[in-house]
file work-v2.pdb (PDB, C-alpha atoms and all ligand atoms)
ATOM      1  CA  MET A   1     128.275-108.392 108.175
ATOM      2  CA  ALA A   2     130.480-108.008 105.118
ATOM      3  CA  THR A   3     133.835-106.335 105.570
ATOM      4  CA  ILE A   4     134.722-103.237 103.574
ATOM      5  CA  PHE A   5     137.016-105.422 101.445
ATOM      6  CA  GLU A   6     134.219-107.881 100.635
ATOM      7  CA  LYS A   7     132.144-104.897  99.504
ATOM      8  CA  ILE A   8     135.014-103.775  97.275
ATOM      9  CA  ILE A   9     135.437-107.312  95.877
ATOM     10  CA  ASN A  10     131.674-107.401  95.156
ATOM     11  CA  ARG A  11     131.786-103.929  93.552
ATOM     12  CA  GLU A  12     129.384-102.555  96.152
ATOM     13  CA  ILE A  13     131.802 -99.747  96.931
ATOM     14  CA  PRO A  14     134.447 -98.334  94.590
ATOM     15  CA  ALA A  15     138.203 -98.707  94.818
ATOM     16  CA  GLU A  16     141.155 -98.129  92.557
ATOM     17  CA  ILE A  17     141.862-101.655  91.375
ATOM     18  CA  ILE A  18     145.463-102.472  90.478
ATOM     19  CA  TYR A  19     145.147-106.194  89.843
ATOM     20  CA  GLU A  20     142.534-108.938  90.076
ATOM     21  CA  ASP A  21     142.343-112.664  89.494
ATOM     22  CA  GLU A  22     140.166-115.499  90.778
ATOM     23  CA  VAL A  23     142.023-115.662  94.108
ATOM     24  CA  CYS A  24     142.716-112.059  95.059
ATOM     25  CA  ILE A  25     142.259-108.392  94.335
ATOM     26  CA  SER A  26     144.770-105.575  94.740
ATOM     27  CA  ILE A  27     143.636-102.004  95.355
ATOM     28  CA  LYS A  28     145.277 -98.707  96.205
ATOM     29  CA  ASP A  29     145.109 -97.949  99.925
ATOM     30  CA  ILE A  30     142.772 -95.017 100.540
ATOM     31  CA  GLN A  31     145.218 -93.594 103.105
ATOM     32  CA  ALA A  32     148.559 -94.138 101.422
ATOM     33  CA  GLN A  33     151.526 -94.302 103.775
ATOM     34  CA  ALA A  34     154.065 -94.165 100.937
ATOM     35  CA  PRO A  35     154.127 -92.913  97.330
ATOM     36  CA  PHE A  36     153.015 -96.430  96.376
ATOM     37  CA  HIS A  37     150.713 -98.254  98.803
ATOM     38  CA  ALA A  38     148.615-101.187  97.645
ATOM     39  CA  LEU A  39     146.632-103.824  99.483
ATOM     40  CA  ILE A  40     146.527-107.430  98.270
ATOM     41  CA  ILE A  41     143.366-109.103  99.542
ATOM     42  CA  PRO A  42     142.236-112.728  99.177
ATOM     43  CA  LYS A  43     138.690-113.143  97.869
ATOM     44  CA  LYS A  44     138.180-115.882 100.443
ATOM     45  CA  LEU A  45     137.401-114.304 103.809
ATOM     46  CA  ILE A  46     140.293-115.149 106.098
ATOM     47  CA  SER A  47     139.894-112.732 109.000
ATOM     48  CA  ARG A  48     143.590-112.403 109.777
ATOM     49  CA  ILE A  49     146.806-114.356 109.351
ATOM     50  CA  ALA A  50     146.294-115.862 112.826
ATOM     51  CA  GLU A  51     143.087-117.480 111.503
ATOM     52  CA  ALA A  52     144.660-118.938 108.351
ATOM     53  CA  LYS A  53     144.463-122.712 108.001
ATOM     54  CA  ASP A  54     147.034-125.141 106.621
ATOM     55  CA  THR A  55     144.637-125.555 103.674
ATOM     56  CA  ASP A  56     145.060-121.831 102.877
ATOM     57  CA  SER A  57     148.742-122.265 102.025
ATOM     58  CA  GLN A  58     148.188-121.902  98.267
ATOM     59  CA  ILE A  59     146.225-118.682  98.746
ATOM     60  CA  LEU A  60     148.874-117.290 101.091
ATOM     61  CA  GLY A  61     151.674-118.112  98.676
ATOM     62  CA  HIS A  62     149.705-116.578  95.831
ATOM     63  CA  LEU A  63     149.271-113.295  97.721
ATOM     64  CA  LEU A  64     153.037-112.989  98.210
ATOM     65  CA  LEU A  65     153.804-113.780  94.590
ATOM     66  CA  ILE A  66     151.228-111.246  93.384
ATOM     67  CA  ALA A  67     152.702-108.623  95.740
ATOM     68  CA  LYS A  68     156.113-109.294  94.209
ATOM     69  CA  LYS A  69     154.692-109.116  90.685
ATOM     70  CA  ILE A  70     153.027-105.761  91.389
ATOM     71  CA  ALA A  71     156.239-104.420  92.965
ATOM     72  CA  ILE A  72     158.153-105.287  89.792
ATOM     73  CA  GLU A  73     155.424-103.876  87.515
ATOM     74  CA  LYS A  74     155.372-100.643  89.505
ATOM     75  CA  ASN A  75     159.169-100.360  89.228
ATOM     76  CA  LEU A  76     159.840-100.421  92.968
ATOM     77  CA  ASP A  77     163.443-101.271  92.082
ATOM     78  CA  GLU A  78     164.937 -99.461  95.071
ATOM     79  CA  GLY A  79     163.006-101.668  97.450
ATOM     80  CA  PHE A  80     159.616-102.205  98.958
ATOM     81  CA  ARG A  81     157.982-103.614 102.052
ATOM     82  CA  ILE A  82     155.211-106.172 102.533
ATOM     83  CA  VAL A  83     153.335-105.913 105.834
ATOM     84  CA  ILE A  84     150.555-107.880 107.529
ATOM     85  CA  ASN A  85     149.008-106.299 110.611
ATOM     86  CA  ASN A  86     147.415-108.820 112.984
ATOM     87  CA  GLY A  87     145.148-108.006 115.917
ATOM     88  CA  PRO A  88     144.819-104.839 117.990
ATOM     89  CA  ASN A  89     148.484-104.557 118.939
ATOM     90  CA  GLY A  90     149.506-105.334 115.365
ATOM     91  CA  GLY A  91     147.548-102.370 114.031
ATOM     92  CA  GLU A  92     144.840-104.365 112.234
ATOM     93  CA  SER A  93     141.790-102.226 111.445
ATOM     94  CA  VAL A  94     139.959-104.336 108.833
ATOM     95  CA  PRO A  95     139.213-107.964 109.842
ATOM     96  CA  HIS A  96     139.846-109.395 106.373
ATOM     97  CA  LEU A  97     143.401-110.547 105.679
ATOM     98  CA  HIS A  98     145.410-108.196 103.476
ATOM     99  CA  LEU A  99     149.035-107.593 102.603
ATOM    100  CA  HIS A 100     150.244-104.011 102.472
ATOM    101  CA  LEU A 101     152.756-103.356  99.680
ATOM    102  CA  LEU A 102     154.630-100.112 100.292
ATOM    103  CA  GLY A 103     157.327 -98.429  98.245
ATOM    104  CA  GLY A 104     158.533 -95.318  96.491
ATOM    105  CA  ARG A 105     160.394 -93.867  99.464
ATOM    106  CA  LYS A 106     163.024 -94.982 101.979
ATOM    107  CA  LEU A 107     161.096 -96.865 104.635
ATOM    108  CA  THR A 108     162.389 -96.677 108.158
ATOM    109  CA  TRP A 109     162.930 -99.516 110.592
ATOM    110  CA  PRO A 110     161.793-100.361 113.225
ATOM    111  CA  PRO A 111     158.178 -99.509 112.395
ATOM    112  CA  GLY A 112     156.187 -97.514 114.941
TER     113      GLY A 112
HETATM  114  P1  LIG B 201     145.056-102.563 108.503
HETATM  115  O1  LIG B 201     145.105-101.363 109.385
HETATM  116  O2  LIG B 201     143.875-103.452 108.830
HETATM  117  O3  LIG B 201     146.341-103.320 108.397
HETATM  118  O4  LIG B 201     144.837-102.009 107.053
HETATM  119  C1  LIG B 201     143.617-101.597 106.553
HETATM  120  C2  LIG B 201     143.906-100.640 105.436
HETATM  121  O5  LIG B 201     142.750-100.493 104.662
HETATM  122  C3  LIG B 201     144.308 -99.240 105.927
HETATM  123  O6  LIG B 201     145.604 -98.931 105.450
HETATM  124  C4  LIG B 201     143.231 -98.341 105.341
HETATM  125  O7  LIG B 201     143.732 -97.112 104.891
HETATM  126  C5  LIG B 201     142.679 -99.181 104.214
HETATM  127  N1  LIG B 201     141.278 -98.927 103.935
HETATM  128  C6  LIG B 201     140.259 -98.878 104.841
HETATM  129  N2  LIG B 201     139.096 -98.643 104.239
HETATM  130  C7  LIG B 201     139.369 -98.555 102.903
HETATM  131  C8  LIG B 201     138.546 -98.313 101.757
HETATM  132  O8  LIG B 201     137.339 -98.145 101.820
HETATM  133  N3  LIG B 201     139.185 -98.290 100.553
HETATM  134  C9  LIG B 201     140.537 -98.495 100.434
HETATM  135  N4  LIG B 201     141.043 -98.470  99.199
HETATM  136  N5  LIG B 201     141.331 -98.718 101.499
HETATM  137  C10 LIG B 201     140.756 -98.742 102.717
END

call {"tool": "encode", "arguments": {"input": "work-v2.pdb", "output": "structure tokens"}}
result
Amino acid sequence: MATIFEKIINREIPAEIIYEDEVCISIKDIQAQAPFHALIIPKKLISRIAEAKDTDSQILGHLLLIAKKIAIEKNLDEGFRIVINNGPNGGESVPHLHLHLLGGRKLTWPPG
């Protein structure tokens, strides 16, 4: 069964798209945890970072560079955070790899 992110990539359900190229899509998170909260999602279905293969290294690097590019474009000059949740204890709720890009407020540490 397709994940919610595959349905967004395939335009079967709507999302606020921030960026898209042949490798990934970036959308606004529907439940923003910060004034700016985007997801960067590879078009290839990699279920989670724990399932990524050595051959996915270019995709993984691309996701980070796009996250950085969006952070700069969105003027997150004061700082931002990139998060990957993995597995039940990591807080993963959608089994399709995605980076969270959060900014626009002072983020606390450690996370909950
Ligand atoms: P996770 O908890 O797996 O790290 O992150 C999944 C994220 O996807 C959550 O922050 C959640 O708010 C977001 N999300 C879930 N369903 C949708 C949706 O249909 N549209 C958008 N834009 N975000 C979603």

call {"tool": "closest_residue", "arguments": {"input": "work-v2.pdb", "among": "A:Pro42, A:Gly103, A:Pro111, A:Gly90", "to": "ligand LIG 201 (chain B)", "atoms": "all atoms listed in the file"}}
result
A:Gly90

call {"tool": "residues_near_ligand", "arguments": {"input": "work-v2.pdb", "ligand": "ligand LIG 201 (chain B)", "cutoff": "10 Å", "atoms": "all atoms listed in the file", "output": "ChimeraX atom specification"}}
result
/A:3-5,7-8,13-17,26-33,37-39,48,83-88,90-100

call {"tool": "closest_residue", "arguments": {"input": "work-v2.pdb", "among": "A:Ala2, A:Glu12, A:Lys74, A:Lys68", "to": "Ser47 in chain A", "atoms": "all atoms listed in the file"}}
result
A:Ala2

call {"tool": "closest_residue", "arguments": {"input": "work-v2.pdb", "among": "A:Gly79, A:Leu102, A:Phe36, A:Cys24", "to": "Leu60 in chain A", "atoms": "all atoms listed in the file"}}
result
A:Cys24

call {"tool": "atom_distance", "arguments": {"input": "work-v2.pdb", "atom1": "CA of Ile41 in chain A", "atom2": "CA of Ala67 in chain A"}}
result
10.1 Å

call {"tool": "atom_distance", "arguments": {"input": "work-v2.pdb", "atom1": "CA of Lys106 in chain A", "atom2": "CA of Glu73 in chain A"}}
result
18.6 Å

call {"tool": "decode", "arguments": {"input": "work-v2.pdb", "residues": "range 22-75 of chain A", "atoms": "C-alpha atoms", "output": "PDB file, in the first residue's frame"}}
result
ATOM      1  CA  GLU A  22      13.591  14.571  -9.876  1.00  0.00           C
ATOM      2  CA  VAL A  23      14.948  13.138  -6.609  1.00  0.00           C
ATOM      3  CA  CYS A  24      12.811  14.659  -3.872  1.00  0.00           C
ATOM      4  CA  ILE A  25       9.856  16.779  -2.896  1.00  0.00           C
ATOM      5  CA  SER A  26       9.553  19.216  -0.002  1.00  0.00           C
ATOM      6  CA  ILE A  27       6.181  20.012   1.552  1.00  0.00           C
ATOM      7  CA  LYS A  28       4.923  21.935   4.552  1.00  0.00           C
ATOM      8  CA  ASP A  29       4.210  19.657   7.509  1.00  0.00           C
ATOM      9  CA  ILE A  30       0.467  19.511   8.151  1.00  0.00           C
ATOM     10  CA  GLN A  31       1.096  19.713  11.913  1.00  0.00           C
ATOM     11  CA  ALA A  32       3.823  22.323  12.135  1.00  0.00           C
ATOM     12  CA  GLN A  33       5.961  22.139  15.260  1.00  0.00           C
ATOM     13  CA  ALA A  34       7.656  25.480  14.564  1.00  0.00           C
ATOM     14  CA  PRO A  35       6.844  28.642  12.584  1.00  0.00           C
ATOM     15  CA  PHE A  36       8.627  26.951   9.673  1.00  0.00           C
ATOM     16  CA  HIS A  37       8.320  23.164   9.396  1.00  0.00           C
ATOM     17  CA  ALA A  38       9.004  21.403   6.114  1.00  0.00           C
ATOM     18  CA  LEU A  39       9.512  17.776   5.190  1.00  0.00           C
ATOM     19  CA  ILE A  40      12.060  16.738   2.560  1.00  0.00           C
ATOM     20  CA  ILE A  41      11.066  13.385   1.087  1.00  0.00           C
ATOM     21  CA  PRO A  42      12.908  11.222  -1.460  1.00  0.00           C
ATOM     22  CA  LYS A  43      10.772  10.093  -4.397  1.00  0.00           C
ATOM     23  CA  LYS A  44      12.363   6.663  -4.090  1.00  0.00           C
ATOM     24  CA  LEU A  45      10.640   4.730  -1.313  1.00  0.00           C
ATOM     25  CA  ILE A  46      13.218   4.206   1.406  1.00  0.00           C
ATOM     26  CA  SER A  47      11.158   3.214   4.437  1.00  0.00           C
ATOM     27  CA  ARG A  48      13.465   4.744   7.027  1.00  0.00           C
ATOM     28  CA  ILE A  49      17.106   5.707   7.428  1.00  0.00           C
ATOM     29  CA  ALA A  50      17.793   2.276   8.965  1.00  0.00           C
ATOM     30  CA  GLU A  51      16.761   0.724   5.622  1.00  0.00           C
ATOM     31  CA  ALA A  52      18.945   2.978   3.457  1.00  0.00           C
ATOM     32  CA  LYS A  53      21.539   1.210   1.325  1.00  0.00           C
ATOM     33  CA  ASP A  54      25.090   2.260   0.486  1.00  0.00           C
ATOM     34  CA  THR A  55      23.771   2.858  -3.051  1.00  0.00           C
ATOM     35  CA  ASP A  56      21.385   5.511  -1.654  1.00  0.00           C
ATOM     36  CA  SER A  57      24.256   7.776  -0.607  1.00  0.00           C
ATOM     37  CA  GLN A  58      23.661  10.277  -3.428  1.00  0.00           C
ATOM     38  CA  ILE A  59      19.972  10.563  -2.558  1.00  0.00           C
ATOM     39  CA  LEU A  60      20.767  11.007   1.133  1.00  0.00           C
ATOM     40  CA  GLY A  61      23.329  13.704   0.423  1.00  0.00           C
ATOM     41  CA  HIS A  62      20.898  15.436  -1.904  1.00  0.00           C
ATOM     42  CA  LEU A  63      18.201  15.564   0.788  1.00  0.00           C
ATOM     43  CA  LEU A  64      20.578  17.319   3.194  1.00  0.00           C
ATOM     44  CA  LEU A  65      21.728  19.820   0.598  1.00  0.00           C
ATOM     45  CA  ILE A  66      18.133  20.611  -0.382  1.00  0.00           C
ATOM     46  CA  ALA A  67      17.226  21.065   3.302  1.00  0.00           C
ATOM     47  CA  LYS A  68      20.090  23.540   3.610  1.00  0.00           C
ATOM     48  CA  LYS A  69      19.027  25.340   0.432  1.00  0.00           C
ATOM     49  CA  ILE A  70      15.442  25.692   1.679  1.00  0.00           C
ATOM     50  CA  ALA A  71      16.674  26.932   5.076  1.00  0.00           C
ATOM     51  CA  ILE A  72      18.667  29.675   3.348  1.00  0.00           C
ATOM     52  CA  GLU A  73      15.791  30.561   0.988  1.00  0.00           C
ATOM     53  CA  LYS A  74      13.393  30.791   3.922  1.00  0.00           C
ATOM     54  CA  ASN A  75      15.818  33.080   5.781  1.00  0.00           C
TER      55      ASN A  75
END
